[in-house]
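Asks: Sharing my_file27.pdb here; it has PDB, C-alpha atoms, pLDDT in the B column.
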```
ATOM      1  CA  MET A   1     -71.958 -43.700  13.202  1.00 78.00           C
ATOM      2  CA  LEU A   2     -71.510 -45.916  16.276  1.00 92.00           C
ATOM      3  CA  SER A   3     -73.555 -47.269  19.176  1.00 95.00           C
ATOM      4  CA  HIS A   4     -72.855 -49.850  21.863  1.00 96.00           C
ATOM      5  CA  THR A   5     -74.616 -52.065  24.395  1.00 95.00           C
ATOM      6  CA  LEU A   6     -73.714 -54.809  26.845  1.00 95.00           C
ATOM      7  CA  GLU A   7     -75.468 -58.096  26.125  1.00 92.00           C
ATOM      8  CA  HIS A   8     -74.832 -61.184  28.281  1.00 90.00           C
ATOM      9  CA  GLY A   9     -71.486 -59.764  29.397  1.00 91.00           C
ATOM     10  CA  VAL A  10     -70.383 -58.991  25.826  1.00 95.00           C
ATOM     11  CA  LEU A  11     -69.689 -55.479  24.526  1.00 96.00           C
ATOM     12  CA  VAL A  12     -71.634 -55.140  21.265  1.00 97.00           C
ATOM     13  CA  ILE A  13     -70.511 -52.218  19.099  1.00 97.00           C
ATOM     14  CA  THR A  14     -72.683 -51.436  16.089  1.00 96.00           C
ATOM     15  CA  VAL A  15     -71.247 -49.402  13.237  1.00 96.00           C
ATOM     16  CA  ASP A  16     -74.146 -47.897  11.271  1.00 94.00           C
ATOM     17  CA  GLN A  17     -72.310 -46.370   8.331  1.00 93.00           C
ATOM     18  CA  ASP A  18     -68.927 -46.351   6.683  1.00 90.00           C
ATOM     19  CA  PRO A  19     -67.147 -43.174   7.834  1.00 92.00           C
ATOM     20  CA  GLY A  20     -65.158 -42.743   4.643  1.00 91.00           C
ATOM     21  CA  ILE A  21     -61.407 -42.521   4.539  1.00 92.00           C
ATOM     22  CA  ASP A  22     -61.403 -39.231   6.467  1.00 93.00           C
ATOM     23  CA  GLY A  23     -63.369 -40.759   9.359  1.00 93.00           C
ATOM     24  CA  ARG A  24     -61.478 -44.043   9.607  1.00 93.00           C
ATOM     25  CA  ALA A  25     -59.095 -42.894  12.357  1.00 95.00           C
ATOM     26  CA  THR A  26     -61.970 -41.450  14.385  1.00 95.00           C
ATOM     27  CA  LEU A  27     -63.920 -44.700  14.124  1.00 95.00           C
ATOM     28  CA  THR A  28     -60.873 -46.720  15.158  1.00 96.00           C
ATOM     29  CA  THR A  29     -60.308 -44.443  18.156  1.00 96.00           C
ATOM     30  CA  ARG A  30     -63.941 -44.645  19.262  1.00 96.00           C
ATOM     31  CA  ILE A  31     -63.889 -48.452  19.054  1.00 96.00           C
ATOM     32  CA  THR A  32     -60.586 -48.813  20.921  1.00 96.00           C
ATOM     33  CA  ASN A  33     -61.741 -46.364  23.610  1.00 96.00           C
ATOM     34  CA  LEU A  34     -64.829 -48.523  24.206  1.00 97.00           C
ATOM     35  CA  VAL A  35     -62.657 -51.654  24.335  1.00 96.00           C
ATOM     36  CA  ASP A  36     -60.361 -49.985  26.880  1.00 95.00           C
ATOM     37  CA  ALA A  37     -63.311 -48.843  29.015  1.00 95.00           C
ATOM     38  CA  HIS A  38     -64.898 -52.311  29.122  1.00 94.00           C
ATOM     39  CA  ARG A  39     -61.935 -54.671  29.072  1.00 89.00           C
ATOM     40  CA  PRO A  40     -61.582 -57.577  29.627  1.00 91.00           C
ATOM     41  CA  THR A  41     -65.159 -57.903  28.326  1.00 92.00           C
ATOM     42  CA  PRO A  42     -65.278 -59.709  24.952  1.00 94.00           C
ATOM     43  CA  VAL A  43     -66.242 -57.534  21.984  1.00 96.00           C
ATOM     44  CA  VAL A  44     -68.573 -58.096  19.044  1.00 97.00           C
ATOM     45  CA  ILE A  45     -68.491 -55.474  16.294  1.00 97.00           C
ATOM     46  CA  VAL A  46     -71.551 -55.406  14.055  1.00 97.00           C
ATOM     47  CA  LEU A  47     -71.149 -53.852  10.615  1.00 95.00           C
ATOM     48  CA  THR A  48     -74.544 -52.952   9.169  1.00 93.00           C
ATOM     49  CA  GLU A  49     -75.040 -53.004   5.404  1.00 92.00           C
ATOM     50  CA  ARG A  50     -74.345 -49.270   5.169  1.00 91.00           C
ATOM     51  CA  ALA A  51     -71.175 -49.725   7.225  1.00 90.00           C
ATOM     52  CA  ALA A  52     -69.663 -52.524   5.169  1.00 87.00           C
ATOM     53  CA  GLY A  53     -67.236 -50.257   3.307  1.00 90.00           C
ATOM     54  CA  PRO A  54     -63.451 -50.096   3.086  1.00 90.00           C
ATOM     55  CA  ALA A  55     -62.946 -47.501   5.836  1.00 92.00           C
ATOM     56  CA  SER A  56     -65.031 -49.491   8.339  1.00 93.00           C
ATOM     57  CA  VAL A  57     -63.223 -52.699   7.417  1.00 92.00           C
ATOM     58  CA  SER A  58     -59.878 -50.986   7.959  1.00 92.00           C
ATOM     59  CA  ALA A  59     -61.002 -49.582  11.331  1.00 94.00           C
ATOM     60  CA  VAL A  60     -62.219 -53.030  12.442  1.00 93.00           C
ATOM     61  CA  LEU A  61     -58.925 -54.633  11.450  1.00 92.00           C
ATOM     62  CA  ARG A  62     -57.029 -52.002  13.447  1.00 93.00           C
ATOM     63  CA  ALA A  63     -59.351 -52.553  16.420  1.00 94.00           C
ATOM     64  CA  HIS A  64     -58.670 -56.291  16.151  1.00 93.00           C
ATOM     65  CA  GLN A  65     -54.934 -55.619  16.412  1.00 91.00           C
ATOM     66  CA  TRP A  66     -55.626 -53.523  19.528  1.00 93.00           C
ATOM     67  CA  CYS A  67     -57.767 -56.255  21.088  1.00 92.00           C
ATOM     68  CA  ARG A  68     -55.155 -58.875  20.303  1.00 91.00           C
ATOM     69  CA  ARG A  69     -52.470 -56.813  22.110  1.00 91.00           C
ATOM     70  CA  LEU A  70     -54.766 -56.441  25.134  1.00 92.00           C
ATOM     71  CA  GLY A  71     -55.783 -60.104  25.130  1.00 90.00           C
ATOM     72  CA  VAL A  72     -59.445 -59.175  24.543  1.00 92.00           C
ATOM     73  CA  LEU A  73     -61.574 -61.565  22.518  1.00 92.00           C
ATOM     74  CA  MET A  74     -63.124 -59.837  19.494  1.00 93.00           C
ATOM     75  CA  CYS A  75     -65.305 -60.979  16.633  1.00 93.00           C
ATOM     76  CA  VAL A  76     -67.218 -59.258  13.853  1.00 95.00           C
ATOM     77  CA  VAL A  77     -70.674 -59.648  12.354  1.00 95.00           C
ATOM     78  CA  THR A  78     -71.579 -58.700   8.791  1.00 94.00           C
ATOM     79  CA  HIS A  79     -74.180 -60.064   6.407  1.00 92.00           C
ATOM     80  CA  SER A  80     -71.890 -59.405   3.439  1.00 90.00           C
ATOM     81  CA  ALA A  81     -70.010 -62.536   2.391  1.00 89.00           C
ATOM     82  CA  PRO A  82     -67.367 -60.521   0.460  1.00 89.00           C
ATOM     83  CA  VAL A  83     -66.715 -58.347   3.535  1.00 89.00           C
ATOM     84  CA  ARG A  84     -66.480 -61.470   5.743  1.00 89.00           C
ATOM     85  CA  ARG A  85     -63.848 -62.920   3.410  1.00 87.00           C
ATOM     86  CA  LEU A  86     -61.980 -59.590   3.281  1.00 85.00           C
ATOM     87  CA  LEU A  87     -61.866 -59.394   7.084  1.00 89.00           C
ATOM     88  CA  GLU A  88     -60.809 -63.026   7.486  1.00 84.00           C
ATOM     89  CA  ASN A  89     -58.092 -62.760   4.843  1.00 82.00           C
ATOM     90  CA  ASN A  90     -56.603 -59.558   6.240  1.00 81.00           C
ATOM     91  CA  SER A  91     -56.773 -60.147   9.980  1.00 77.00           C
ATOM     92  CA  GLY A  92     -53.158 -61.267  10.262  1.00 71.00           C
ATOM     93  CA  THR A  93     -51.588 -64.518  11.287  1.00 63.00           C
ATOM     94  CA  SER A  94     -49.976 -63.679  14.605  1.00 67.00           C
ATOM     95  CA  GLY A  95     -52.174 -64.363  17.593  1.00 66.00           C
ATOM     96  CA  PRO A  96     -55.833 -65.310  17.588  1.00 71.00           C
ATOM     97  CA  ARG A  97     -57.567 -65.092  14.221  1.00 77.00           C
ATOM     98  CA  LEU A  98     -60.472 -62.749  13.757  1.00 85.00           C
ATOM     99  CA  VAL A  99     -63.712 -64.719  13.793  1.00 88.00           C
ATOM    100  CA  VAL A 100     -66.359 -63.285  11.479  1.00 91.00           C
ATOM    101  CA  HIS A 101     -70.006 -64.268  11.778  1.00 92.00           C
ATOM    102  CA  ALA A 102     -73.086 -63.691   9.643  1.00 92.00           C
ATOM    103  CA  ARG A 103     -75.480 -63.487  12.623  1.00 92.00           C
ATOM    104  CA  VAL A 104     -75.374 -61.287  15.710  1.00 93.00           C
ATOM    105  CA  ASP A 105     -76.912 -63.857  18.069  1.00 93.00           C
ATOM    106  CA  THR A 106     -74.329 -66.463  17.090  1.00 92.00           C
ATOM    107  CA  ALA A 107     -71.470 -64.019  17.629  1.00 93.00           C
ATOM    108  CA  ILE A 108     -72.698 -62.967  21.075  1.00 94.00           C
ATOM    109  CA  THR A 109     -73.245 -66.554  22.187  1.00 92.00           C
ATOM    110  CA  THR A 110     -69.829 -67.591  20.893  1.00 89.00           C
ATOM    111  CA  ALA A 111     -68.064 -64.672  22.588  1.00 90.00           C
ATOM    112  CA  PHE A 112     -69.898 -65.246  25.867  1.00 88.00           C
ATOM    113  CA  THR A 113     -69.106 -68.980  25.838  1.00 86.00           C
ATOM    114  CA  ALA A 114     -65.445 -68.466  24.903  1.00 83.00           C
ATOM    115  CA  ALA A 115     -64.953 -65.914  27.688  1.00 75.00           C
ATOM    116  CA  ALA A 116     -66.595 -68.083  30.357  1.00 72.00           C
TER     117      ALA A 116
END
```
Translate the structure described by the file into structure tokens.
Replies:
Amino acid sequence: MLSHTLEHGVLVITVDQDPGIDGRATLTTRITNLVDAHRPTPVVIVLTERAAGPASVSAVLRAHQWCRRLGVLMCVVTHSAPVRRLLENNSGTSGPRLVVHARVDTAITTAFTAAA
């Protein structure tokens, strides 16, 4: 369901499939545990096509709230334009907005540059 790497000083978390509503809390916990373990490293969450479902989107939005509280930069990558709009529209207005990219390389470069 989830894998992670460090690329150019950025924690890249890849979600491979939507966990369904029953797995949403577990996914959120796994993401926030990785954020805690690597903070203050910036985070890029990649939602693959199979992961671009409602439970994954909800988990990512909750992880964004966590990152915002910790002061950790976070952005998301998804190829799905409707999912990008959903994430952007529901990321909240207090604190830094969630930046959503269509390409992984752009997200990593942006996160690395912003954290430098």
Asks: Fewer than 2 positions away in the same chain doesn't count, so skip those; otherwise give me all residues within 12 Å of A:Thr26, counting all atoms listed in the file, as a list in words.
Replies: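 Contacts, in chain order: Met1, Leu2, Asp18, Pro19, Gly20, Ile21, Asp22, Gly23, Arg24, Thr28, Thr29, Arg30, Ile31, Thr32, Asn33, Ala55, Ser56, Ser58, Ala59, Val60, Arg62 and Ala63 of chain A.
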Asks: Around all the atoms of stretch 78-96 of chain A listed in the file, with 5 Å of room on each side, what axis-aligned box do you get, giving centre and edge lengths in Å to one decimal, as AutoDock Vina command-line options?
Replies:
```
--center_x -62.1 --center_y -61.8 --center_z 9.0 --size_x 34.2 --size_y 17.0 --size_z 27.1
```
Asks: Which polymer residues have any atom within 10 Å of an atom of A:Val83, counting only C-alpha atoms, with same-chain residues fewer than 4 positions away left out, as a PyMOL selection string?
Replies: chain A and resi 47+52-54+57+77-79+87-89+100
Asks: Find the residue from A:Leu6, A:Val76, A:Ile13, A:Ala114 that sits nearest to A:Ala102; use all atoms listed in the file when measuring.
Replies: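 Closest to A:Ala102, using all atoms listed in the file: A:Val76.
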Asks: Take atom CA of A:Arg84 and atom CA of A:Asp36 and report the distance between them in Å, one decimal.
Replies: 24.8 Å
Asks: Which of these residues is nearest to A:Pro42, using all atoms listed in the file: A:Thr113, A:Ser3, A:Gln17, A:Ser91?
Replies: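 Counting all atoms listed in the file, the residue closest to A:Pro42 is A:Thr113.
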Asks: So, counting all atoms listed in the file, which residue among A:Val46, A:Thr5, A:Val12, A:Ala116 is closest to A:Ser80?
Replies: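 So, comparing all the options, the nearest one is A:Val46.
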Asks: May I ask which of the residues A:Ala115, A:Val99, A:Leu27, A:Cys75 is the closest one to A:Val44, counting all atoms listed in the file?
Replies: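 Smallest distance to A:Val44 is found for A:Cys75.
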Asks: Rounded to one decimal, what separation in Å do you get between atom CA of A:Thr106 and atom CA of A:Thr48?
Replies: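 Spanning atom CA of A:Thr106 to atom CA of A:Thr48 is a straight-line distance of 15.7 Å.
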Asks: Would you please work out which residue, of A:Arg50, A:His8, A:Arg85, A:Arg39, is nearest to A:His101 when using only C-alpha atoms?
Replies: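 Using only C-alpha atoms, A:His101 sits closest to A:Arg85.
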Asks: Can you work out which one of A:Met74, A:Ala37, A:Ala25, A:Leu61 has the shortest atom-to-atom distance to A:Ala107, counting only C-alpha atoms?
Replies: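 Closest candidate: A:Met74.
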Asks: Between atom CA of A:Asn90 and atom CA of A:Trp66, what is the distance, to one decimal in Å?
Replies: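 Calculated distance between atom CA of A:Asn90 and atom CA of A:Trp66 is 14.6 Å.
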